[in-house]
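entry_28.cif follows; it contains mmCIF, C-alpha atoms.
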data_final
#
loop_
_atom_site.label_atom_id
_atom_site.label_comp_id
_atom_site.auth_asym_id
_atom_site.auth_seq_id
_atom_site.Cartn_x
_atom_site.Cartn_y
_atom_site.Cartn_z
CA MET A 30 80.55 81.66 -64.24
CA ALA A 31 79.36 79.92 -61.12
CA MET A 32 81.19 80.43 -57.89
CA ASN A 33 80.90 78.19 -54.90
CA SER A 34 82.27 80.64 -52.41
CA VAL A 35 79.75 82.93 -50.84
CA VAL A 36 80.29 86.32 -49.37
CA GLU A 37 77.56 87.06 -46.85
CA THR A 38 77.00 90.35 -45.16
CA ASP A 39 74.13 92.69 -44.38
CA PHE A 40 76.42 95.63 -45.01
CA PRO A 41 78.29 95.20 -48.31
CA GLU A 42 78.93 98.92 -48.75
CA THR A 43 80.49 99.24 -45.32
CA PHE A 44 83.01 96.51 -45.99
CA VAL A 45 83.84 97.73 -49.48
CA GLU A 46 84.41 101.19 -48.03
CA GLU A 47 86.77 99.93 -45.35
CA MET A 48 88.69 97.75 -47.77
CA GLU A 49 89.10 100.65 -50.17
CA LYS A 50 90.71 102.69 -47.41
CA LEU A 51 93.50 100.14 -47.42
CA GLN A 52 94.48 101.08 -50.92
CA GLU A 53 96.17 104.28 -51.86
CA ALA A 54 95.40 106.18 -54.99
CA LEU A 55 99.04 106.27 -55.98
CA PRO A 56 101.69 103.57 -55.98
CA ARG A 57 104.03 103.54 -53.05
CA ARG A 58 107.18 102.59 -54.82
CA ILE A 59 109.60 105.07 -56.33
CA ASP A 60 108.35 106.23 -59.67
CA ALA A 61 111.07 106.09 -62.33
CA ASN A 62 109.65 109.10 -64.12
CA PRO A 63 112.51 111.61 -63.75
CA LYS A 64 110.11 114.37 -62.82
CA ASN A 65 109.01 112.42 -59.77
CA VAL A 66 112.25 110.80 -58.68
CA GLU A 67 113.06 113.57 -56.25
CA LYS A 68 109.65 113.44 -54.69
CA GLY A 69 109.86 109.66 -54.45
CA LEU A 70 113.13 109.82 -52.58
CA ALA A 71 111.86 112.55 -50.30
CA LYS A 72 108.89 110.36 -49.50
CA LEU A 73 111.15 107.48 -48.57
CA VAL A 74 113.42 109.56 -46.37
CA LEU A 75 110.60 111.37 -44.64
CA THR A 76 108.75 108.13 -44.04
CA LEU A 77 111.73 106.84 -42.15
CA VAL A 78 112.16 110.09 -40.22
CA GLU A 79 108.47 110.02 -39.34
CA LEU A 80 108.80 106.44 -38.15
CA ILE A 81 111.64 107.37 -35.85
CA ARG A 82 109.75 110.38 -34.58
CA LYS A 83 106.73 108.26 -33.77
CA LEU A 84 108.86 105.69 -32.01
CA LEU A 85 110.50 108.40 -29.92
CA GLU A 86 107.12 109.78 -29.01
CA LYS A 87 105.84 106.37 -28.03
CA GLN A 88 108.90 105.66 -25.95
CA ALA A 89 108.53 108.99 -24.15
CA MET A 90 104.88 108.29 -23.38
CA ARG A 91 105.74 104.89 -21.97
CA ARG A 92 108.35 106.37 -19.69
CA ILE A 93 105.97 109.02 -18.47
CA GLU A 94 103.36 106.36 -17.81
CA ALA A 95 105.89 104.33 -15.87
CA GLY A 96 106.70 107.43 -13.85
CA SER A 97 110.38 107.22 -14.61
CA LEU A 98 110.83 110.86 -15.66
CA SER A 99 111.24 113.90 -13.44
CA ASP A 100 109.18 117.04 -14.02
CA GLU A 101 112.14 118.72 -15.61
CA GLN A 102 112.74 115.78 -17.90
CA ILE A 103 109.11 115.81 -18.92
CA GLU A 104 109.43 119.49 -19.87
CA ARG A 105 112.46 118.76 -22.00
CA VAL A 106 110.80 115.79 -23.65
CA GLY A 107 107.84 118.03 -24.43
CA GLU A 108 110.10 120.62 -25.99
CA THR A 109 111.90 118.05 -28.13
CA LEU A 110 108.74 116.38 -29.31
CA MET A 111 107.22 119.74 -30.20
CA LYS A 112 110.24 120.73 -32.23
CA LEU A 113 110.28 117.39 -34.04
CA GLU A 114 106.63 117.65 -34.89
CA THR A 115 107.00 121.20 -36.18
CA LYS A 116 110.02 120.23 -38.26
CA MET A 117 108.24 117.28 -39.82
CA HIS A 118 105.33 119.50 -40.66
CA GLU A 119 107.66 121.95 -42.42
CA LEU A 120 109.42 119.21 -44.36
CA LYS A 121 106.13 117.76 -45.50
CA GLU A 122 105.07 121.16 -46.77
CA VAL A 123 108.35 121.74 -48.58
CA PHE A 124 107.94 118.49 -50.50
CA GLY A 125 104.20 118.71 -50.85
CA LEU A 126 103.58 115.43 -49.05
CA LYS A 127 100.56 114.46 -47.01
CA ASP A 128 100.47 112.22 -43.97
CA GLU A 129 98.89 109.35 -45.88
CA GLU A 130 101.72 109.38 -48.38
CA LEU A 131 104.35 108.71 -45.77
CA ASN A 132 104.06 105.00 -45.41
CA ILE A 133 105.67 101.94 -46.88
CA ASN A 134 103.97 98.70 -47.70
CA LEU A 135 106.06 95.81 -46.50
CA GLY A 136 104.05 93.19 -48.37
CA PRO A 137 103.16 90.36 -46.01
CA LEU A 138 104.14 92.44 -43.02
CA GLY A 139 101.57 95.09 -43.81
CA ASP A 140 102.23 98.79 -43.64
CA LEU A 141 105.22 100.18 -41.81
CA MET A 142 103.08 102.54 -39.78
CA MET B 3 103.75 79.30 -75.32
CA LYS B 4 102.48 81.30 -72.41
CA LEU B 5 100.91 79.31 -69.65
CA TYR B 6 98.64 80.81 -67.02
CA LEU B 7 98.88 79.05 -63.67
CA TYR B 8 95.84 78.46 -61.48
CA GLY B 9 97.07 76.04 -58.87
CA ILE B 10 99.20 73.13 -57.79
CA ILE B 11 97.14 69.98 -57.35
CA ASP B 12 97.87 66.69 -55.67
CA SER B 13 97.41 64.70 -58.83
CA SER B 14 99.57 63.67 -61.75
CA SER B 15 96.62 62.48 -63.80
CA MET B 16 94.66 64.26 -66.46
CA ILE B 17 91.93 66.58 -65.28
CA ARG B 18 88.78 64.77 -66.34
CA GLU B 19 86.37 67.65 -65.80
CA SER B 20 85.96 70.36 -68.41
CA ILE B 21 87.33 73.45 -66.79
CA TYR B 22 87.76 76.64 -68.77
CA GLY B 23 89.89 79.59 -67.75
CA LEU B 24 91.09 82.82 -69.30
CA GLU B 25 90.23 83.32 -72.96
CA GLY B 26 87.93 80.36 -72.62
CA SER B 27 90.90 78.02 -72.89
CA GLY B 28 90.79 74.57 -71.39
CA VAL B 29 92.59 73.99 -68.11
CA TYR B 30 94.86 70.96 -68.07
CA ASN B 31 97.36 69.35 -65.77
CA ILE B 32 101.13 69.35 -66.25
CA PRO B 33 102.29 66.52 -63.99
CA TYR B 34 105.53 66.31 -62.03
CA CYS B 35 106.08 63.28 -59.80
CA ASP B 36 102.88 62.94 -57.80
CA ILE B 37 101.73 66.53 -58.17
CA GLY B 38 100.73 68.76 -61.06
CA ALA B 39 100.25 72.31 -62.21
CA ALA B 40 96.82 73.28 -63.52
CA VAL B 41 97.35 75.64 -66.43
CA SER B 42 95.77 77.02 -69.53
CA GLU B 43 97.33 78.59 -72.59
CA ILE B 44 96.98 82.29 -73.13
CA ASN B 45 97.50 83.88 -76.49
CA GLN B 46 96.64 87.50 -76.01
CA PRO B 47 98.77 89.72 -73.79
CA ILE B 48 96.93 90.52 -70.60
CA GLN B 49 96.69 94.27 -70.38
CA GLY B 50 95.94 94.58 -66.73
CA VAL B 51 93.97 93.31 -63.81
CA SER B 52 90.36 93.31 -64.87
CA GLU B 53 87.28 92.08 -63.11
CA ARG B 54 86.90 89.37 -65.73
CA VAL B 55 90.40 87.99 -65.20
CA VAL B 56 89.95 87.98 -61.43
CA LEU B 57 86.65 86.13 -61.59
CA GLU B 58 87.87 83.66 -64.19
CA HIS B 59 90.95 82.91 -62.14
CA GLU B 60 88.95 82.35 -58.98
CA ALA B 61 86.32 80.24 -60.73
CA VAL B 62 89.03 77.85 -61.89
CA ALA B 63 90.65 77.68 -58.45
CA GLU B 64 87.29 76.76 -56.96
CA LYS B 65 86.51 74.13 -59.57
CA LEU B 66 89.88 72.56 -58.82
CA MET B 67 89.06 72.67 -55.13
CA GLU B 68 86.00 70.50 -55.76
CA LYS B 69 88.06 67.57 -56.96
CA PHE B 70 91.58 68.06 -55.62
CA THR B 71 93.60 69.54 -52.83
CA VAL B 72 94.78 72.72 -54.46
CA LEU B 73 97.39 75.34 -53.67
CA PRO B 74 95.90 78.32 -55.51
CA PHE B 75 98.27 80.58 -57.37
CA ARG B 76 98.45 84.29 -56.97
CA LEU B 77 96.71 86.14 -59.79
CA LEU B 78 98.54 86.52 -63.08
CA THR B 79 101.32 84.00 -62.61
CA ILE B 80 102.37 83.28 -66.15
CA LEU B 81 105.27 81.11 -67.24
CA ASP B 82 106.71 80.71 -70.70
CA GLY B 83 106.62 77.11 -71.78
CA ARG B 84 106.08 73.70 -70.28
CA GLU B 85 109.78 73.35 -69.40
CA ASN B 86 109.62 76.32 -67.09
CA VAL B 87 106.55 74.94 -65.37
CA LEU B 88 108.33 71.63 -64.77
CA SER B 89 111.42 73.43 -63.59
CA MET B 90 109.33 75.45 -61.17
CA MET B 91 107.73 72.34 -59.72
CA ASP B 92 111.14 70.78 -59.41
CA ASP B 93 112.38 73.82 -57.45
CA TYR B 94 109.40 73.95 -55.14
CA TYR B 95 108.50 70.27 -54.94
CA ASP B 96 109.17 69.81 -51.24
CA ASP B 97 107.21 72.94 -50.35
CA PHE B 98 104.32 71.98 -52.59
CA ARG B 99 104.26 68.44 -51.26
CA ASP B 100 104.24 69.59 -47.63
CA ASN B 101 101.54 72.16 -48.25
CA LEU B 102 99.33 69.71 -50.12
CA ASP B 103 99.63 67.21 -47.29
CA GLY B 104 98.88 69.81 -44.67
CA LEU B 105 95.91 71.31 -46.49
CA ARG B 106 94.14 68.16 -47.59
CA GLY B 107 90.45 68.23 -46.74
CA LYS B 108 90.60 71.77 -45.45
CA VAL B 109 89.06 75.02 -46.62
CA GLU B 110 89.46 78.66 -45.75
CA PHE B 111 86.78 80.91 -44.30
CA GLY B 112 87.01 84.65 -43.96
CA ILE B 113 85.42 86.72 -41.24
CA LYS B 114 85.46 90.49 -41.04
CA VAL B 115 83.91 92.61 -38.33
CA VAL B 116 83.29 96.34 -38.36
CA TRP B 117 82.72 98.31 -35.19
CA PRO B 118 81.81 101.97 -34.67
CA ALA B 119 85.32 103.23 -33.97
CA ASP B 120 84.17 106.83 -33.42
CA LYS B 121 81.65 105.82 -30.78
CA VAL B 122 84.11 103.53 -29.04
CA LYS B 123 86.71 106.28 -28.98
CA SER B 124 84.23 108.90 -27.75
CA ARG B 125 83.29 106.73 -24.83
CA ILE B 126 86.92 106.14 -23.97
CA ILE B 127 87.72 109.85 -24.25
CA ASN B 128 84.82 110.81 -22.00
CA THR B 129 85.82 108.29 -19.38
CA TYR B 130 89.42 109.42 -19.50
CA ARG B 131 88.60 113.11 -19.28
CA ALA B 132 86.18 112.57 -16.44
CA LYS B 133 88.94 110.84 -14.51
CA ASN B 134 91.53 113.48 -15.35
CA ARG B 135 89.38 116.56 -15.01
CA ASN B 136 92.00 118.70 -13.36
CA ALA B 137 95.16 117.56 -15.10
CA HIS B 138 95.24 120.67 -17.25
CA LEU B 139 95.74 122.82 -14.19
CA LEU B 140 99.32 121.61 -14.10
CA ASP B 141 100.02 123.04 -17.56
CA ASP B 142 102.48 125.71 -16.55
CA SER B 143 104.14 125.82 -19.96
CA VAL B 144 103.47 125.17 -23.61
CA GLU B 145 105.71 122.12 -23.41
CA ARG B 146 103.83 120.69 -20.45
CA ARG B 147 100.55 121.13 -22.21
CA PHE B 148 101.92 119.48 -25.34
CA VAL B 149 103.09 116.47 -23.38
CA ARG B 150 99.82 116.16 -21.51
CA GLU B 151 97.86 116.21 -24.75
CA LYS B 152 100.17 113.68 -26.34
CA PHE B 153 99.88 111.52 -23.26
CA GLU B 154 96.12 111.66 -23.41
CA GLU B 155 96.28 110.60 -27.06
CA HIS B 156 98.55 107.75 -26.12
CA LYS B 157 96.31 106.55 -23.30
CA ILE B 158 93.23 106.72 -25.44
CA ASP B 159 94.92 104.85 -28.24
CA SER B 160 96.07 102.14 -25.82
CA ALA B 161 92.61 101.79 -24.35
CA PHE B 162 91.17 101.62 -27.85
CA ARG B 163 93.52 98.82 -28.86
CA ASP B 164 92.96 96.95 -25.62
CA LYS B 165 89.24 97.07 -26.17
CA ALA B 166 89.69 95.78 -29.72
CA ASP B 167 91.78 92.88 -28.44
CA ARG B 168 89.16 91.97 -25.85
CA TYR B 169 86.37 91.93 -28.41
CA ILE B 170 88.43 89.82 -30.79
CA ASN B 171 89.52 87.31 -28.19
CA ALA B 172 85.92 86.85 -27.14
CA MET B 173 84.99 86.00 -30.73
CA ASP B 174 88.01 83.85 -31.36
CA VAL B 175 87.14 81.65 -28.39
CA PHE B 176 84.19 80.38 -30.42
CA LEU B 177 85.61 80.48 -33.92
CA GLY B 178 89.01 79.03 -33.08
CA LYS B 179 87.45 75.92 -31.60
CA PHE B 180 86.71 74.50 -35.02
CA ALA B 181 89.77 75.68 -36.90
CA THR B 182 93.10 73.95 -37.38
CA ALA B 183 94.82 77.23 -38.18
CA LYS B 184 93.97 80.91 -38.23
CA LYS B 185 95.30 84.36 -39.00
CA LEU B 186 93.82 87.36 -37.24
CA GLU B 187 94.42 90.97 -38.12
CA THR B 188 93.33 93.61 -35.64
CA LEU B 189 92.25 97.08 -36.69
CA ARG B 190 93.33 96.97 -40.30
CA THR B 191 91.47 100.26 -40.40
CA GLU B 192 89.99 101.95 -37.34
CA ASN B 193 86.57 100.56 -38.16
CA LEU B 194 87.71 97.17 -39.40
CA LEU B 195 88.00 95.62 -35.98
CA LEU B 196 88.79 92.15 -37.23
CA SER B 197 89.95 90.70 -40.48
CA ALA B 198 90.45 86.98 -40.01
CA VAL B 199 90.89 83.78 -41.94
CA TYR B 200 90.31 80.34 -40.48
CA LEU B 201 91.41 77.00 -41.86
CA VAL B 202 88.64 74.51 -41.24
CA THR B 203 88.34 70.83 -42.10
CA LYS B 204 85.46 70.05 -44.42
CA ASP B 205 83.78 68.03 -41.66
CA ASN B 206 83.76 71.03 -39.38
CA GLN B 207 82.28 73.53 -41.81
CA ASP B 208 78.83 73.45 -40.24
CA ASN B 209 80.16 73.75 -36.72
CA PHE B 210 82.24 76.69 -37.75
CA ARG B 211 79.26 78.34 -39.36
CA GLU B 212 77.24 77.80 -36.22
CA ALA B 213 79.97 79.38 -34.12
CA PHE B 214 79.88 82.41 -36.37
CA GLU B 215 76.09 82.69 -36.09
CA HIS B 216 76.46 82.54 -32.35
CA ILE B 217 78.79 85.52 -32.17
CA ARG B 218 76.75 87.40 -34.72
CA THR B 219 73.64 87.16 -32.60
CA ALA B 220 75.52 87.71 -29.35
CA ARG B 221 76.77 91.13 -30.41
CA LYS B 222 74.20 92.67 -32.70
CA ASP B 223 75.75 96.13 -32.56
CA LEU B 224 78.62 95.08 -34.80
CA LYS B 225 78.67 94.48 -38.54
CA TYR B 226 79.78 91.11 -39.87
CA LEU B 227 81.00 89.61 -43.10
CA PHE B 228 81.33 85.86 -43.62
CA SER B 229 82.96 84.42 -46.72
CA GLY B 230 83.98 81.03 -47.99
CA PRO B 231 84.71 78.29 -48.48
CA TRP B 232 87.80 79.44 -50.31
CA PRO B 233 90.84 77.59 -51.59
CA PRO B 234 93.46 78.06 -48.85
CA TYR B 235 95.12 81.24 -50.16
CA HIS B 236 96.22 82.43 -46.74
CA PHE B 237 97.60 79.13 -45.59
CA VAL B 238 100.07 78.31 -48.31
CA ILE B 239 103.52 78.74 -46.82
CA LEU B 240 106.53 78.51 -49.06
CA ARG B 241 109.81 78.17 -47.23
CA ARG B 242 111.91 78.39 -50.32
CA LYS B 243 112.53 82.06 -50.99
CA SER B 244 111.57 83.36 -54.37
CA GLN B 245 114.27 85.08 -56.33
CA PRO B 246 113.91 88.77 -57.05
CA LEU B 247 113.58 89.87 -60.64
CA ARG B 248 116.94 89.99 -62.36
CA ASN B 249 118.40 93.37 -63.25
CA SER B 250 117.71 93.01 -66.95
CA GLY B 251 114.01 92.77 -66.19
CA GLN B 252 114.05 95.90 -64.10
CA THR B 253 115.97 97.92 -66.66
CA ALA B 254 113.50 96.93 -69.30
CA MET B 255 110.74 98.16 -67.02
CA PHE B 256 112.37 101.55 -66.59
CA ASP B 257 112.88 101.84 -70.33
CA LYS B 258 109.20 101.29 -70.81
CA VAL B 259 108.42 103.89 -68.19
CA ILE B 260 110.52 106.56 -69.85
CA LEU B 261 109.43 105.77 -73.37
CA GLN B 262 105.75 105.67 -72.57
CA PRO B 263 105.04 108.72 -70.47
CA THR B 264 101.35 108.57 -71.32
CA LEU B 265 101.00 105.31 -69.44
CA VAL B 266 102.90 106.09 -66.27
CA GLY B 267 103.35 109.85 -66.21
CA ALA B 268 99.61 110.42 -66.53
CA ASP B 269 99.23 108.39 -63.34
CA LYS B 270 95.73 107.54 -64.41
CA THR B 271 96.24 103.81 -64.78
CA TRP B 272 97.54 103.59 -61.25
CA GLN B 273 94.61 105.30 -59.60
CA MET C 6 85.06 106.62 -61.15
CA ASP C 7 83.47 108.93 -58.62
CA ASN C 8 79.92 107.73 -58.30
CA ILE C 9 80.06 103.99 -58.48
CA THR C 10 77.02 102.32 -57.01
CA VAL C 11 78.32 99.62 -54.76
CA LYS C 12 76.57 96.40 -55.49
CA SER C 13 76.77 93.20 -53.57
CA LYS C 14 78.99 91.77 -56.22
CA ASP C 15 81.58 94.40 -55.41
CA VAL C 16 82.03 93.03 -51.95
CA THR C 17 82.56 89.62 -53.53
CA LEU C 18 85.20 91.11 -55.78
CA VAL C 19 86.88 92.80 -52.84
CA GLU C 20 86.99 89.53 -50.92
CA ILE C 21 88.48 87.72 -53.90
CA LEU C 22 91.03 90.48 -54.49
CA ASP C 23 92.02 90.33 -50.84
CA ARG C 24 93.19 86.81 -51.62
CA VAL C 25 94.39 86.63 -55.18
CA LEU C 26 96.43 89.81 -55.30
CA ASP C 27 99.11 88.81 -52.83
CA LYS C 28 98.25 85.45 -51.28
CA GLY C 29 98.41 81.91 -52.55
CA VAL C 30 101.45 80.47 -54.27
CA ILE C 31 103.76 83.33 -55.09
CA ILE C 32 106.81 82.58 -57.14
CA ALA C 33 109.18 84.99 -58.74
CA GLY C 34 112.27 84.78 -60.86
CA ASP C 35 113.11 85.33 -64.45
CA ILE C 36 110.90 82.52 -65.60
CA VAL C 37 107.84 84.43 -64.48
CA ILE C 38 106.47 86.80 -67.05
CA SER C 39 105.11 89.78 -65.19
CA VAL C 40 102.12 91.43 -66.70
CA ALA C 41 102.79 94.92 -68.04
CA ASP C 42 105.18 95.33 -65.09
CA VAL C 43 102.20 95.71 -62.85
CA ASP C 44 102.93 95.28 -59.17
CA LEU C 45 99.92 93.43 -57.91
CA ILE C 46 100.10 94.48 -54.30
CA TYR C 47 99.29 98.04 -55.17
CA LEU C 48 96.17 97.30 -57.10
CA GLY C 49 92.73 97.26 -55.73
CA LEU C 50 89.10 97.76 -56.46
CA LYS C 51 89.41 101.37 -57.64
CA VAL C 52 92.12 100.51 -60.12
CA LEU C 53 90.28 97.38 -61.13
CA LEU C 54 87.07 99.10 -62.02
CA SER C 55 88.84 101.62 -64.18
CA SER C 56 91.52 99.46 -65.70
CA VAL C 57 89.38 97.72 -68.28
CA GLU C 58 88.11 100.98 -69.77
CA THR C 59 91.53 102.57 -69.55
CA MET C 60 93.18 99.62 -71.17
CA GLU C 61 90.57 99.42 -73.89
CA ARG C 62 91.01 103.10 -74.57
CA ILE C 63 94.78 102.77 -74.78
CA ARG C 64 94.42 99.77 -77.06
CA GLY C 65 91.90 101.58 -79.19
CA ALA C 66 89.70 98.51 -79.19
CA PRO C 67 87.48 96.63 -76.76
CA PHE C 68 88.57 93.28 -75.32
CA PRO C 69 86.94 90.24 -76.92
CA SER C 70 84.54 88.58 -74.55
CA PRO C 71 85.47 85.12 -73.29
CA MET C 72 83.58 82.05 -74.42
CA GLN C 73 80.93 81.37 -71.82
CA GLU C 74 81.57 77.71 -71.17
CA ALA C 75 81.01 75.07 -68.57
CA THR C 76 80.07 77.30 -65.67
#

Would you write out, as structure tokens, the structure that this file holds?
Amino acid sequence: MAMNSVVETDFPETFVEEMEKLQEALPRRIDANPKNVEKGLAKLVLTLVELIRKLLEKQAMRRIEAGSLSDEQIERVGETLMKLETKMHELKEVFGLKDEELNINLGPLGDLM
Amino acid sequence: MKLYLYGIIDSSSMIRESIYGLEGSGVYNIPYCDIGAAVSEINQPIQGVSERVVLEHEAVAEKLMEKFTVLPFRLLTILDGRENVLSMMDDYYDDFRDNLDGLRGKVEFGIKVVWPADKVKSRIINTYRAKNRNAHLLDDSVERRFVREKFEEHKIDSAFRDKADRYINAMDVFLGKFATAKKLETLRTENLLLSAVYLVTKDNQDNFREAFEHIRTARKDLKYLFSGPWPPYHFVILRRKSQPLRNSGQTAMFDKVILQPTLVGADKTWQ
Amino acid sequence: MDNITVKSKDVTLVEILDRVLDKGVIIAGDIVISVADVDLIYLGLKVLLSSVETMERIRGAPFPSPMQEAT
């Protein structure tokens, strides 16, 4: 069938490759298969925890940049962020989840993270 | 009778051209007031999203675009019976009417740009580290070092995003001049610097194309993709919220999932 | 699925998919028959290229080819 729209590029493979990165191999919604329900819920919960952790990290960095934290405060922030990161790592291992799996597609709003 | 929907057109007359859609069925217009729904009948259940269905759908949308102002439908919108199609147009009439008026004589173009994210980041990292050569000397604890490294990451990421924004704004200065509307997405992936759609009037198509050629030759180190003209998929805005699937529909879905483990449990069809 | 040679037509398909999968007129409600409960947003080129074979295998029969008309 004839198409009027053209797609012009000198690098078709490059663009296909990038677009494919936007799609996950597995669906991101909760699978109703009983075997996977637990993992699906863990994914959801950990995604939210990870979001909060990232937001905290970002907030801390902004405050450091603005120079509004004392040396002691910076130490404590460092300690907290380290612990959070370690904990997340452990939780991901327990549930067998990879970084790429912790994300939620919000439709028109794109990915959560 | 299952009806496959291709688009809403600003016409309540018969479609004179021979347009064929899925299953080779003829596409015809179901009118409502001064608009209409271009549909075709489908008899076989559609098993999934196949290349054929996608291309057939798009071919019809583009044929409609030749003769009408069209609001293209999302893929695989299927209604059961003429009554439901009329009811749908009744529900969304105001939205459809407004969109048709706003999109008349306009087409969509897509532009994507890829940049070498690794190289850009390397340069930023080198600059940053050169400027902060001795920062690590203040690492008197594990925590301090952690924070410094995180901070470096943060600064590099900010610089990376700022650079992306600067590149994009420079391009948009030229492209935006000939567009009545646009949607720009920055860094959809690290390498996909820009993913944009522009709404351009038919009269301005050549100007727009020229603007694109200008930026393509201005920055030869980037990779470009130009596509169009498309029906205005990205510029259809429906104010009326769609209803979520009713519970009965969802339960039926779960029943299917549990009863057919080979389809879902295997996870092959989803990959 | 692993060694697909990317042809120019694939980039066309990707551009079309980027539009038809979750843009355009989107209506929902009980009058819309969803197709095999497939959630379109999660589909993409990888799924697309395999779905026809998978579906044909599940069906136990190939899909009939469409009439090549008009275009």

Practice item. Please evaluate the PyMOL selection byres ((chain B and resi 222-234) around 6) against the structure above and give the resulting residues as a list in words. Key: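 Selected by the PyMOL selection byres ((chain B and resi 222-234) around 6) in this file: Ser34, Val35, Val36, Glu37 and Thr38 of chain A; Val109, Glu110, Phe111, Gly112, Ile113, Lys114, Val115, Val116, Trp117, Thr219, Arg221, Tyr235, His236 and Phe237 of chain B.
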
Could you write out the selected residues, including C-alpha atoms, as a compact mmCIF listing (two decimals), keeping the file's coordinate frame?
# COMPACT_ATOMS: atom_id res chain seq x y z
CA SER A 34 82.27 80.64 -52.41
CA VAL A 35 79.75 82.93 -50.84
CA VAL A 36 80.29 86.32 -49.37
CA GLU A 37 77.56 87.06 -46.85
CA THR A 38 77.00 90.35 -45.16
CA VAL B 109 89.06 75.02 -46.62
CA GLU B 110 89.46 78.66 -45.75
CA PHE B 111 86.78 80.91 -44.30
CA GLY B 112 87.01 84.65 -43.96
CA ILE B 113 85.42 86.72 -41.24
CA LYS B 114 85.46 90.49 -41.04
CA VAL B 115 83.91 92.61 -38.33
CA VAL B 116 83.29 96.34 -38.36
CA TRP B 117 82.72 98.31 -35.19
CA THR B 219 73.64 87.16 -32.60
CA ARG B 221 76.77 91.13 -30.41
CA TYR B 235 95.12 81.24 -50.16
CA HIS B 236 96.22 82.43 -46.74
CA PHE B 237 97.60 79.13 -45.59

Exercise for review: Taking the file as shown, find all residues satisfying the PyMOL selection byres ((chain B and resi 139-150) around 8) and write them as a list in words.
Suggested key: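 Output of the PyMOL selection byres ((chain B and resi 139-150) around 8): Ile103, Glu104, Arg105, Val106, Gly107, Glu108 and Met111 of chain A; Asn136, Ala137, His138, Glu151, Lys152, Phe153 and Glu154 of chain B.
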
Practice item. Please evaluate the PyMOL selection byres ((chain C and resi 19-31) around 7) against the displayed coordinates and give the resulting residues as a list of chain:residue names. Key: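 Output of the PyMOL selection byres ((chain C and resi 19-31) around 7): A:Val45, B:Leu73, B:Pro74, B:Phe75, B:Arg76, B:Leu77, B:Tyr235, B:His236, B:Val238, C:Asp15, C:Val16, C:Thr17, C:Leu18, C:Ile32, C:Ala33, C:Leu45, C:Ile46, C:Leu50.
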
Given the selection you just returned, output its residues as a file containing C-alpha atoms, formatted as an mmCIF file, in the coordinates of the input.
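Just written: result.cif:
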data_model
loop_
_atom_site.group_PDB
_atom_site.id
_atom_site.type_symbol
_atom_site.label_atom_id
_atom_site.label_comp_id
_atom_site.auth_asym_id
_atom_site.auth_seq_id
_atom_site.Cartn_x
_atom_site.Cartn_y
_atom_site.Cartn_z
ATOM 1 C CA VAL A 45 83.840 97.730 -49.480
ATOM 2 C CA LEU B 73 97.390 75.340 -53.670
ATOM 3 C CA PRO B 74 95.900 78.320 -55.510
ATOM 4 C CA PHE B 75 98.270 80.580 -57.370
ATOM 5 C CA ARG B 76 98.450 84.290 -56.970
ATOM 6 C CA LEU B 77 96.710 86.140 -59.790
ATOM 7 C CA TYR B 235 95.120 81.240 -50.160
ATOM 8 C CA HIS B 236 96.220 82.430 -46.740
ATOM 9 C CA VAL B 238 100.070 78.310 -48.310
ATOM 10 C CA ASP C 15 81.580 94.400 -55.410
ATOM 11 C CA VAL C 16 82.030 93.030 -51.950
ATOM 12 C CA THR C 17 82.560 89.620 -53.530
ATOM 13 C CA LEU C 18 85.200 91.110 -55.780
ATOM 14 C CA ILE C 32 106.810 82.580 -57.140
ATOM 15 C CA ALA C 33 109.180 84.990 -58.740
ATOM 16 C CA LEU C 45 99.920 93.430 -57.910
ATOM 17 C CA ILE C 46 100.100 94.480 -54.300
ATOM 18 C CA LEU C 50 89.100 97.760 -56.460
#

Point to revise | Straight-line distance linking atom CA of Tyr200 of chain B with atom CA of Ala181 of chain B, stated in Å to one decimal | key: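 Result for atom CA of Tyr200 of chain B versus atom CA of Ala181 of chain B: 5.9 Å, one decimal.
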
Exercise for review: Could you check how far atom CA of Thr71 of chain B sits from atom CA of Phe98 of chain B, in Å to one decimal?
Suggested key: 11.0 Å

Point to revise | Coordinates-based distance that separates atom CA of Val202 of chain B from atom CA of Ile32 of chain B (Å, one decimal) | key: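 For atom CA of Ile32 of chain B relative to atom CA of Val202 of chain B, the distance reads 28.4 Å.
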
**Study point:** Nearest to chain C, chosen from A:Met48, A:Val66, A:Leu141, A:Leu84, with all atoms listed in the file counted in the distances
**Key:**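 Of A:Met48, A:Val66, A:Leu141, A:Leu84, the one nearest chain C, counting all atoms listed in the file, is A:Met48.
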
Point to revise | Selection near Ile37 of chain B, 6 Å with only C-alpha atoms, sequence-local residues under 4 positions removed, as a ChimeraX atom specification | key: /B:11-14,33

Exercise for review: Please tell me which residues are no farther than 10 Å from (110.1, 110.3, -45.5) in the file, counting only C-alpha atoms, and write them as a ChimeraX atom specification.
Suggested key: /A:68-80,117,120-121,124,126,128,130-133

Practice item. Pick out the residues sitting within 10 Å of Val37 of chain C, and hand them over as a list in words; count only C-alpha atoms, and ignore anything fewer than 4 positions along from it in its own chain. Key: Leu78, Thr79, Ile80, Leu81, Asp82, Asn86, Val87, Met90 and Leu247 of chain B; Ile32 and Ala33 of chain C

Check your understanding: Smallest atom-to-atom distance to Asn33 of chain A: which of B:Met67, B:Val41, B:Gly107, B:Ala166, using all atoms listed in the file?
Key ->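 Of B:Met67, B:Val41, B:Gly107, B:Ala166, the one nearest Asn33 of chain A is B:Met67, counting all atoms listed in the file.
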